[in-house]
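I have placed the structure first, in the form of structure tokens, so that the comments after it can refer back to it.
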Amino acid sequence: MSISLRNVRKDYDQQTKVLEKVSAEVQTGEFFVIVGPSGCGKSTLLRMIAGLTPITDGEVRINDRVVNELPPKARKLTMVFQNYALYPFLSVWDNVAFGLKARKLSQSDVQNRVNNALKMVNLTDFKNRKPRELSGGQRQRVALARAVASDADICLMDEPLSNLDAQLRIRMRQEIYNLQRKLGLTLIYVTHDQVEAMTMADHIMVLNDQHVQQIGTPAEIYQHPANEFVAQFFGTPQINILPAKRSAENSHLLTVGSNDMQVALNEEVPADQLRIGVRPDELTISRADSVDSNAVVKNTEFLGNETIVYATLNSGDNVRAVLPGQVNFRGYEPIKVQVGSHLLFFNNDGERIGLTKEEAVHA
Amino acid sequence: MLKSPATHSSTAPVTSDKAKSKAERSESGFWLNAKDKYYAWIFLGPSLLILGVFIFYPMFRTLYLSLFLTNTVGKPTVFVGLSNYINLLTSADYLSSLGVTMVYVLAVTVITIALGLILANYASKQLAGIGIFRTLFSATMGVSVSVAAIFWLFIFNPSTGFLALVSNWLHLPQINWLTDPGWAMLAVIITTVWMNLGFTFLILLGAMQSVPTTLYEAASIEGATPRYQLFHITIPMISPTLFFVSIITLIEGFKSFGLIDLMTKGGPTNATNMLVYRIYKDAFYSGNYAQASAESLILTVIIAIFTLIQFKVLEKRVNY
Ligand SMILES: Nc1ncnc2c1ncn2[C@@H]1O[C@H](COP(=O)(O)OP(=O)(O)OP(=O)(O)O)[C@@H](O)[C@H]1O
Ligand SMILES: [Mg+2]
């Protein structure tokens with residue numbers, strides 16, 4: 001079951017335009033994650049695929065058939081809601097059976113499917129409980145069991161893990177991933193958590209500001225972000241974005257900050273001004289005396305296996321660097337910051353431009 | 001902290017004080033001492049007085065009178081034990097009143113709840129112009145019994161009434177709504193339902209709007225029709241409220257008086273002679289206070305039983 005979105009638009013009214021020109025292809029059996037900041041229209045997009053919210057313009061296709069006008073039940077999909085949407089007056093078993101009974105399946109069929117689904121999510125022992133007698137993780141699994149029992153090939157999930165604590169989130173992440181693979185589900189999964197997106201997705205769609213920012217595999221998104229927004233959205237701590245200037249003497253040379261660092265390119269620098277992106281773990285930091293230094297340490301955070309160093313360059317730009325192990329700096333200790341070999345280049349509109357770096361040259 | 005000798009010496013009178021008050025308490029049991037008693041009566045007095053005069057005295061007086069024969073001004077004359085009750089419960093006339101009341105109360109409750117549900121379910125959908133409907137449906141809440149009675153008397157009027165005009169136009173036989181024993185009950189039921197509907201509608205609508213929309217969305221994705229959703233989501237979700245309004249409607253039905261008085265006066269041929277109206281006639285027209293008292297107590301018991309049954313039946317389905 002493939003899903004395809006073609007130039008989908010959504011305006012709630014004249015003032016609230018939520019999505020524009022959203023296009024994507026989701027292949028059968030794919031784990032497709034929609035990610036973006038709060039309020040960017042992720043839920044709206046998912047609800048349009050489900051048929052719960054009308055589409056202003058464009059096409060939603062399921063298996064190459066336009067489904068814009070099809071009611072939700074005719075789309076043959078299931079949806080897991082953020083608040084799970086469990087019926088408080090029904091037992092776990094009846095919650096899972098609800099949709100099957102509504103579709104008037106035979107009694108033995110309902111029995112089989114519900115029992116199998118509950119077994120799959122390890123809830124057989126809880127089948128007679130009411131939702132209020134379950135923990136958050138168990139409720140979550142009831143919602144999953146409902147999706148499993150329905151036997152639909154497409155499953156939509158709207159931030160299904162956002163109500164759970166960190167530990168449980170990691171475990172449920174695994175369970176959802178395994179379930180998706182085992183059942184061969186075409187899964188569209190909405191989240192605002194970049195870690196969930198990175199760890200589970202076959203493809204990620206990044207939404208922001210009414211538009212699709214990028215669609216790609218987690219590796220593509222991380223290594224070749226389409227723009228500054230995507231680069232900043234993925235990776236913790238956040239990527240460093242620093243202003244850079246073409247050197248007056250050498251058009252292949254970029255000066256980052258105020259002569260602090262220089263980067264030589266294989267080609268001519270295309271503009272007077274641009275910006276470079278450096279992941280925190282691509283920065284190297286060495287102790288230096290005040291003459292040699294180009295930055296001072298503001299703060300450090302020790303995380304056990306690594307240390308995050310917050311520093312201010314002489315140019316006034318703040319940078320974050322990740323160093324392995326435990327590293328101690330005094331406050332305002334002078335240091336020398338150097339960029340590594342993996343650099344991203346952005347033009348002034350924040351779009352990434354494909355430039356290659358020759359080598360790092362330090363003033 | 002240092003303890004001064006003074007603290008030590010002061011402990012002695014304290015213990016003796018405690019011992020004394022303990023002795024005092026055990027002496028007087030749970031009764032309060034004179035000063036506390038004084039305050040207790042000051043605080044409880046007014047409400048006890050009001051309850052006593054307006055609730056307890058009439059209640060016990062009714063019970064008392066129902067065991068006597070009374071004269072025309074309501075003074076008890078001869079003690080007759082339970083014979084007032086026995087007479088009533090063996091009188092075909094009274095039993096028919098009882099039957100009529102049951103039919104009325106059950107019909108009113110069932111129809112009111114059913115219509116209220118349908119209207120509220122319709123109005124809870126986000127449809128265009130629904131605000132007008134909500135206002136219309138709930139408008140009867142502001143209508144008094146007498147206005148409603150007059151309004152419906154006009155509608156039921158056999159020569160100039162709206163229903164007469166319609167049936168005339170459709171060439172249907174004329175119905176003497178309020179004077180035909182076969183139709184009077186229906187007329188009274190319709191009027192009562194109409195009056196109850198505004199309140200029921202508003203309460204049910206409020207309950208329906210508090211059901212999370214994702215429940216319906218999840219159901220519609222899973223293939224549940226709107227009808228299925230009404231019976232399998234809405235009704236179970238609002239069952240506490242449904243329970244509440246059905247009890248209120250039922251009890252109000254048993255207590256129906258004004259409408260009967262204004263529309264049929266219990267007639268024709270006792271076809272709408274409900275229990276309360278009957279009590280009123282027995283007491284204030286026939287001056288049979290003893291019998292009216294016995295009827296009042298029977299009615300009280302009936303209402304109590306129905307309330308209990310409803311609690312028991314709905315208890316299971318209400319709890320989730
Ligand atoms: N029914 C509605 N009417 C008008 N505007 C709406 C409606 N539903 C959502 N919006 C608006 O559309 C935008 C996108 O909402 P949406 O719920 O899709 O965001 P989201 O990406 O899912 O956010 P979150 O991560 O917080 O769940 C928001 O600005 C919201 O205010
Ligand atoms: Mg959302």
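Just remember, in the structure tokens the first chain shown is A, the second B, etc., residues are 1-based per chain, and ligands are 1-based in the order shown.
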
Can you tell me which residues sit at most 10 Å away from ligand 1, counting only C-alpha atoms and all ligand atoms, written as a short mmCIF file (atom, residue, chain, number, x, y, z; two decimals) with C-alpha atoms, in the first residue's frame?
```
data_model
loop_
_atom_site.label_atom_id
_atom_site.label_comp_id
_atom_site.auth_asym_id
_atom_site.auth_seq_id
_atom_site.Cartn_x
_atom_site.Cartn_y
_atom_site.Cartn_z
CA LYS A 10 -4.38 23.22 3.76
CA ASP A 11 -5.91 26.53 4.80
CA TYR A 12 -8.18 26.45 7.82
CA ASP A 13 -9.34 29.91 6.81
CA GLN A 15 -5.64 33.69 8.13
CA THR A 16 -4.52 30.20 9.07
CA LYS A 17 -2.66 28.73 6.15
CA VAL A 18 -1.03 25.64 7.51
CA LEU A 19 0.50 23.67 4.67
CA ILE A 34 7.02 13.34 9.57
CA VAL A 35 8.93 15.63 11.85
CA GLY A 36 8.86 19.33 12.62
CA PRO A 37 8.41 21.85 15.38
CA SER A 38 5.13 22.23 17.24
CA GLY A 39 2.36 23.81 15.21
CA CYS A 40 3.94 23.21 11.82
CA GLY A 41 1.01 21.11 10.60
CA LYS A 42 2.16 17.54 11.19
CA SER A 43 -1.11 16.44 12.73
CA THR A 44 -3.04 18.29 10.08
CA LEU A 45 -1.19 16.43 7.33
CA LEU A 46 -1.77 13.09 9.01
CA ARG A 47 -5.45 13.85 9.50
CA MET A 48 -5.77 14.74 5.83
CA THR A 53 -9.70 16.86 7.84
CA GLN A 82 -1.56 10.85 20.78
CA ASP A 158 0.40 10.87 15.77
CA GLU A 159 3.09 11.37 18.42
CA SER A 162 4.92 11.80 23.64
CA VAL A 190 4.41 11.94 13.30
CA THR A 191 6.77 13.22 15.93
CA HIS A 192 8.57 16.35 16.98
CA ASP A 193 11.36 14.30 18.51
CA LEU A 207 8.16 20.17 7.85
CA ASN A 208 8.46 23.78 8.85
CA ASP A 209 6.90 27.08 7.99
CA GLN A 210 4.12 25.54 5.87
#
```

Compile the residues of chain A that lie within 9 Å of chain B, evaluated using only C-alpha atoms, and express the compilation as an MDAnalysis selection string. chainID A and resid 50:52 71:81 83:90 98:103 130 132 150

Taking 5 positions as the minimum chain separation for residues in the same chain, which residues sit within 9 Å of B:Asn176 when counting only C-alpha atoms? Answer as a compact mmCIF listing (two decimals) with C-alpha atoms, in the first residue's frame.
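Writing done, so here's selection_0.txt:
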```
# COMPACT_ATOMS: atom_id res chain seq x y z
CA PHE B 156 -55.47 20.73 20.60
CA ASN B 157 -58.63 22.78 20.27
CA PRO B 158 -61.01 20.58 18.25
CA SER B 159 -62.53 23.40 16.16
CA ALA B 164 -57.71 20.28 13.79
CA TRP B 183 -56.70 10.67 23.26
CA ALA B 184 -56.51 12.84 26.36
```

Residue among A:Tyr332, A:Phe31, A:Trp93, A:Phe126 lying closest to A:Val114, counting only C-alpha atoms: A:Trp93

Selection near B:Phe68, 10 Å with only C-alpha atoms, sequence-local residues under 6 positions removed, as a ChimeraX atom specification: /B:75-84,289-291,293-294

With all heavy atoms retained, write the just-selected residues as a short mmCIF file (atom, residue, chain, number, x, y, z; two decimals), in the first residue's frame.
```cif
data_model
loop_
_atom_site.label_atom_id
_atom_site.label_comp_id
_atom_site.auth_asym_id
_atom_site.auth_seq_id
_atom_site.Cartn_x
_atom_site.Cartn_y
_atom_site.Cartn_z
N LYS B 75 -59.72 17.04 60.92
CA LYS B 75 -59.40 16.57 62.28
C LYS B 75 -59.60 15.06 62.36
O LYS B 75 -60.62 14.54 61.88
CB LYS B 75 -60.32 17.25 63.30
CG LYS B 75 -60.01 18.73 63.51
CD LYS B 75 -59.04 18.91 64.67
CE LYS B 75 -58.71 20.38 64.89
NZ LYS B 75 -57.91 20.96 63.79
N PRO B 76 -58.64 14.32 62.94
CA PRO B 76 -58.79 12.87 63.06
C PRO B 76 -59.92 12.53 64.02
O PRO B 76 -60.07 13.18 65.06
CB PRO B 76 -57.44 12.43 63.61
CG PRO B 76 -56.83 13.63 64.23
CD PRO B 76 -57.36 14.82 63.50
N THR B 77 -60.71 11.54 63.67
CA THR B 77 -61.82 11.14 64.54
C THR B 77 -61.64 9.73 65.07
O THR B 77 -61.45 9.54 66.26
CB THR B 77 -63.16 11.26 63.80
OG1 THR B 77 -63.05 10.57 62.56
CG2 THR B 77 -63.51 12.72 63.54
N VAL B 78 -61.64 8.74 64.19
CA VAL B 78 -61.56 7.35 64.64
C VAL B 78 -60.27 6.73 64.12
O VAL B 78 -59.94 6.88 62.95
CB VAL B 78 -62.75 6.53 64.09
CG1 VAL B 78 -62.76 5.15 64.73
CG2 VAL B 78 -64.05 7.27 64.31
N PHE B 79 -59.55 6.01 64.99
CA PHE B 79 -58.37 5.29 64.54
C PHE B 79 -58.80 4.05 63.77
O PHE B 79 -59.61 3.27 64.25
CB PHE B 79 -57.51 4.88 65.74
CG PHE B 79 -56.28 4.12 65.35
CD1 PHE B 79 -55.15 4.79 64.88
CD2 PHE B 79 -56.25 2.72 65.44
CE1 PHE B 79 -54.02 4.09 64.53
CE2 PHE B 79 -55.12 2.02 65.07
CZ PHE B 79 -54.00 2.70 64.62
N VAL B 80 -58.29 3.89 62.54
CA VAL B 80 -58.74 2.76 61.74
C VAL B 80 -57.58 1.88 61.29
O VAL B 80 -57.73 1.00 60.45
CB VAL B 80 -59.53 3.22 60.49
CG1 VAL B 80 -60.84 3.83 60.91
CG2 VAL B 80 -58.69 4.19 59.67
N GLY B 81 -56.35 2.16 61.79
CA GLY B 81 -55.19 1.35 61.40
C GLY B 81 -54.89 1.50 59.92
O GLY B 81 -54.91 2.59 59.38
N LEU B 82 -54.68 0.34 59.27
CA LEU B 82 -54.27 0.38 57.87
C LEU B 82 -55.44 0.35 56.90
O LEU B 82 -55.25 0.20 55.70
CB LEU B 82 -53.34 -0.80 57.59
CG LEU B 82 -51.95 -0.72 58.24
CD1 LEU B 82 -51.16 -1.98 57.95
CD2 LEU B 82 -51.18 0.52 57.77
N SER B 83 -56.64 0.49 57.41
CA SER B 83 -57.77 0.24 56.52
C SER B 83 -57.88 1.28 55.40
O SER B 83 -58.39 0.97 54.34
CB SER B 83 -59.07 0.12 57.30
OG SER B 83 -59.41 1.36 57.85
N ASN B 84 -57.38 2.51 55.64
CA ASN B 84 -57.34 3.47 54.53
C ASN B 84 -56.52 2.92 53.36
O ASN B 84 -56.91 3.03 52.20
CB ASN B 84 -56.72 4.79 54.98
CG ASN B 84 -57.73 5.66 55.72
OD1 ASN B 84 -58.93 5.62 55.41
ND2 ASN B 84 -57.26 6.41 56.69
N TYR B 289 -59.39 13.90 54.06
CA TYR B 289 -57.97 14.11 54.35
C TYR B 289 -57.25 12.81 54.69
O TYR B 289 -56.09 12.62 54.36
CB TYR B 289 -57.81 15.13 55.47
CG TYR B 289 -58.25 16.51 55.05
CD1 TYR B 289 -59.52 16.98 55.38
CD2 TYR B 289 -57.40 17.32 54.31
CE1 TYR B 289 -59.94 18.23 54.98
CE2 TYR B 289 -57.80 18.58 53.91
CZ TYR B 289 -59.07 19.04 54.24
OH TYR B 289 -59.48 20.28 53.83
N ALA B 290 -57.93 11.92 55.35
CA ALA B 290 -57.30 10.66 55.74
C ALA B 290 -56.88 9.87 54.51
O ALA B 290 -55.75 9.40 54.38
CB ALA B 290 -58.25 9.84 56.59
N GLN B 291 -57.81 9.76 53.58
CA GLN B 291 -57.51 8.99 52.37
C GLN B 291 -56.42 9.68 51.55
O GLN B 291 -55.49 9.03 51.06
CB GLN B 291 -58.77 8.85 51.52
CG GLN B 291 -58.56 7.90 50.36
CD GLN B 291 -59.85 7.68 49.60
OE1 GLN B 291 -60.91 7.52 50.22
NE2 GLN B 291 -59.75 7.64 48.29
N SER B 293 -54.07 11.47 52.69
CA SER B 293 -52.80 11.23 53.37
C SER B 293 -52.24 9.86 53.03
O SER B 293 -51.04 9.70 52.75
CB SER B 293 -52.99 11.32 54.89
OG SER B 293 -53.40 12.60 55.24
N ALA B 294 -53.10 8.87 53.03
CA ALA B 294 -52.66 7.52 52.68
C ALA B 294 -52.13 7.49 51.25
O ALA B 294 -51.09 6.90 50.96
CB ALA B 294 -53.81 6.53 52.85
#
```

Which parts of stretch 13-236 of chain B does DSSP call strand (DSSP E) when run on the backbone here, written out as a list in words?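 Residues meeting the strand (DSSP E) criterion: Phe68, Leu69, Thr70, Pro76, Thr77, Val78 and Phe79 of chain B.
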
Would you output that residue set with all heavy atoms, as a CSV table (one decimal), in the first residue's frame?
```
chain,number,residue,atom,x,y,z
B,68,PHE,N,-56.3,7.3,60.4
B,68,PHE,CA,-57.5,7.7,61.1
B,68,PHE,C,-58.6,7.9,60.0
B,68,PHE,O,-58.3,7.9,58.8
B,68,PHE,CB,-57.3,9.0,61.9
B,68,PHE,CG,-56.6,8.8,63.2
B,68,PHE,CD1,-55.2,8.7,63.2
B,68,PHE,CD2,-57.3,8.7,64.4
B,68,PHE,CE1,-54.6,8.5,64.4
B,68,PHE,CE2,-56.7,8.5,65.6
B,68,PHE,CZ,-55.3,8.4,65.6
B,69,LEU,N,-59.8,8.1,60.5
B,69,LEU,CA,-60.8,8.7,59.7
B,69,LEU,C,-60.8,10.2,60.1
B,69,LEU,O,-60.5,10.5,61.3
B,69,LEU,CB,-62.2,8.1,60.0
B,69,LEU,CG,-62.4,6.7,59.5
B,69,LEU,CD1,-63.9,6.3,59.8
B,69,LEU,CD2,-62.1,6.6,58.0
B,70,THR,N,-61.1,11.1,59.2
B,70,THR,CA,-61.1,12.5,59.5
B,70,THR,C,-62.4,13.1,59.2
B,70,THR,O,-63.2,12.6,58.3
B,70,THR,CB,-60.0,13.2,58.7
B,70,THR,OG1,-60.2,12.9,57.3
B,70,THR,CG2,-58.6,12.9,59.1
B,76,PRO,N,-58.6,14.3,62.9
B,76,PRO,CA,-58.8,12.9,63.1
B,76,PRO,C,-59.9,12.5,64.0
B,76,PRO,O,-60.1,13.2,65.1
B,76,PRO,CB,-57.4,12.4,63.6
B,76,PRO,CG,-56.8,13.6,64.2
B,76,PRO,CD,-57.4,14.8,63.5
B,77,THR,N,-60.7,11.5,63.7
B,77,THR,CA,-61.8,11.1,64.5
B,77,THR,C,-61.6,9.7,65.1
B,77,THR,O,-61.5,9.5,66.3
B,77,THR,CB,-63.2,11.3,63.8
B,77,THR,OG1,-63.1,10.6,62.6
B,77,THR,CG2,-63.5,12.7,63.5
B,78,VAL,N,-61.6,8.7,64.2
B,78,VAL,CA,-61.6,7.3,64.6
B,78,VAL,C,-60.3,6.7,64.1
B,78,VAL,O,-59.9,6.9,62.9
B,78,VAL,CB,-62.8,6.5,64.1
B,78,VAL,CG1,-62.8,5.1,64.7
B,78,VAL,CG2,-64.0,7.3,64.3
B,79,PHE,N,-59.6,6.0,65.0
B,79,PHE,CA,-58.4,5.3,64.5
B,79,PHE,C,-58.8,4.1,63.8
B,79,PHE,O,-59.6,3.3,64.2
B,79,PHE,CB,-57.5,4.9,65.7
B,79,PHE,CG,-56.3,4.1,65.4
B,79,PHE,CD1,-55.1,4.8,64.9
B,79,PHE,CD2,-56.3,2.7,65.4
B,79,PHE,CE1,-54.0,4.1,64.5
B,79,PHE,CE2,-55.1,2.0,65.1
B,79,PHE,CZ,-54.0,2.7,64.6
```

Nearby residues (only C-alpha atoms) at most 10 Å from B:Phe306, same-chain spacing under 6 positions excluded, as an MDAnalysis selection string: chainID B and resid 247 250:251 312

Can you list, as a list of chain:residue names, every protein, DNA or RNA residue that comes within 9 Å of B:Pro181 when you count only C-alpha atoms, leaving out same-chain residues fewer than 4 positions away?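 Once the nearby chain positions are removed, what remains is B:Trp177, B:Met185, B:Gly267, B:Pro268, B:Thr269, B:Asn270, B:Ala271, B:Thr272.
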
Just how far from atom CA of A:Glu268 is atom CA of A:Gly350, in Å to one decimal?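 If I compute the distance from atom CA of A:Gly350 to atom CA of A:Glu268, I get 19.2 Å.
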
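Proximity to A:Val297 was assessed for A:Gly316, A:Pro334, A:Gly58, A:Pro280 counting only C-alpha atoms; the smallest distance is recorded for A:Pro334.
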
Check the smallest atom-to-atom distance from each of A:Val230, A:Ile241, A:Val8, A:Val269 to A:Leu253 using only C-alpha atoms, then report the winner.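 Selected residue with least distance to A:Leu253: A:Val269.
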
In Å, with one decimal, what is the gap from atom CA of A:Gly136 to atom CA of A:Asn163? 7.5 Å

Assign secondary structure with DSSP using the backbone only, and return the residues of stretch 148-317 of chain B in alpha helix (DSSP H) as number ranges by chain. B: 148-156, 162-169, 181-209, 213-221, 226-229, 235-237, 239-254, 258-263, 275-284, 289-317

Using only C-alpha atoms, which residues sit within 7 Å of A:Tyr222 once same-chain residues fewer than 3 positions away are excluded, as number ranges by chain? A: 218-219, 225, 231, 234

Saved selection, atoms kept: N, CA, C and O atoms, as a compact mmCIF listing (two decimals), in the first residue's frame:
```txt
# COMPACT_ATOMS: atom_id res chain seq x y z
N PRO A 218 17.55 9.06 7.10
CA PRO A 218 18.16 9.74 8.25
C PRO A 218 19.59 10.19 7.97
O PRO A 218 19.97 11.31 8.32
N ALA A 219 20.37 9.36 7.28
CA ALA A 219 21.76 9.72 7.00
C ALA A 219 21.83 10.94 6.08
O ALA A 219 22.60 11.87 6.32
N PRO A 225 21.91 18.14 4.99
CA PRO A 225 20.65 18.87 5.22
C PRO A 225 20.44 19.90 4.12
O PRO A 225 21.40 20.48 3.62
N ALA A 231 19.46 21.38 9.32
CA ALA A 231 20.74 21.12 9.99
C ALA A 231 20.61 21.36 11.49
O ALA A 231 21.13 20.60 12.30
N PHE A 234 18.28 18.57 13.56
CA PHE A 234 18.81 17.25 13.91
C PHE A 234 20.18 17.38 14.56
O PHE A 234 20.99 18.21 14.16
```
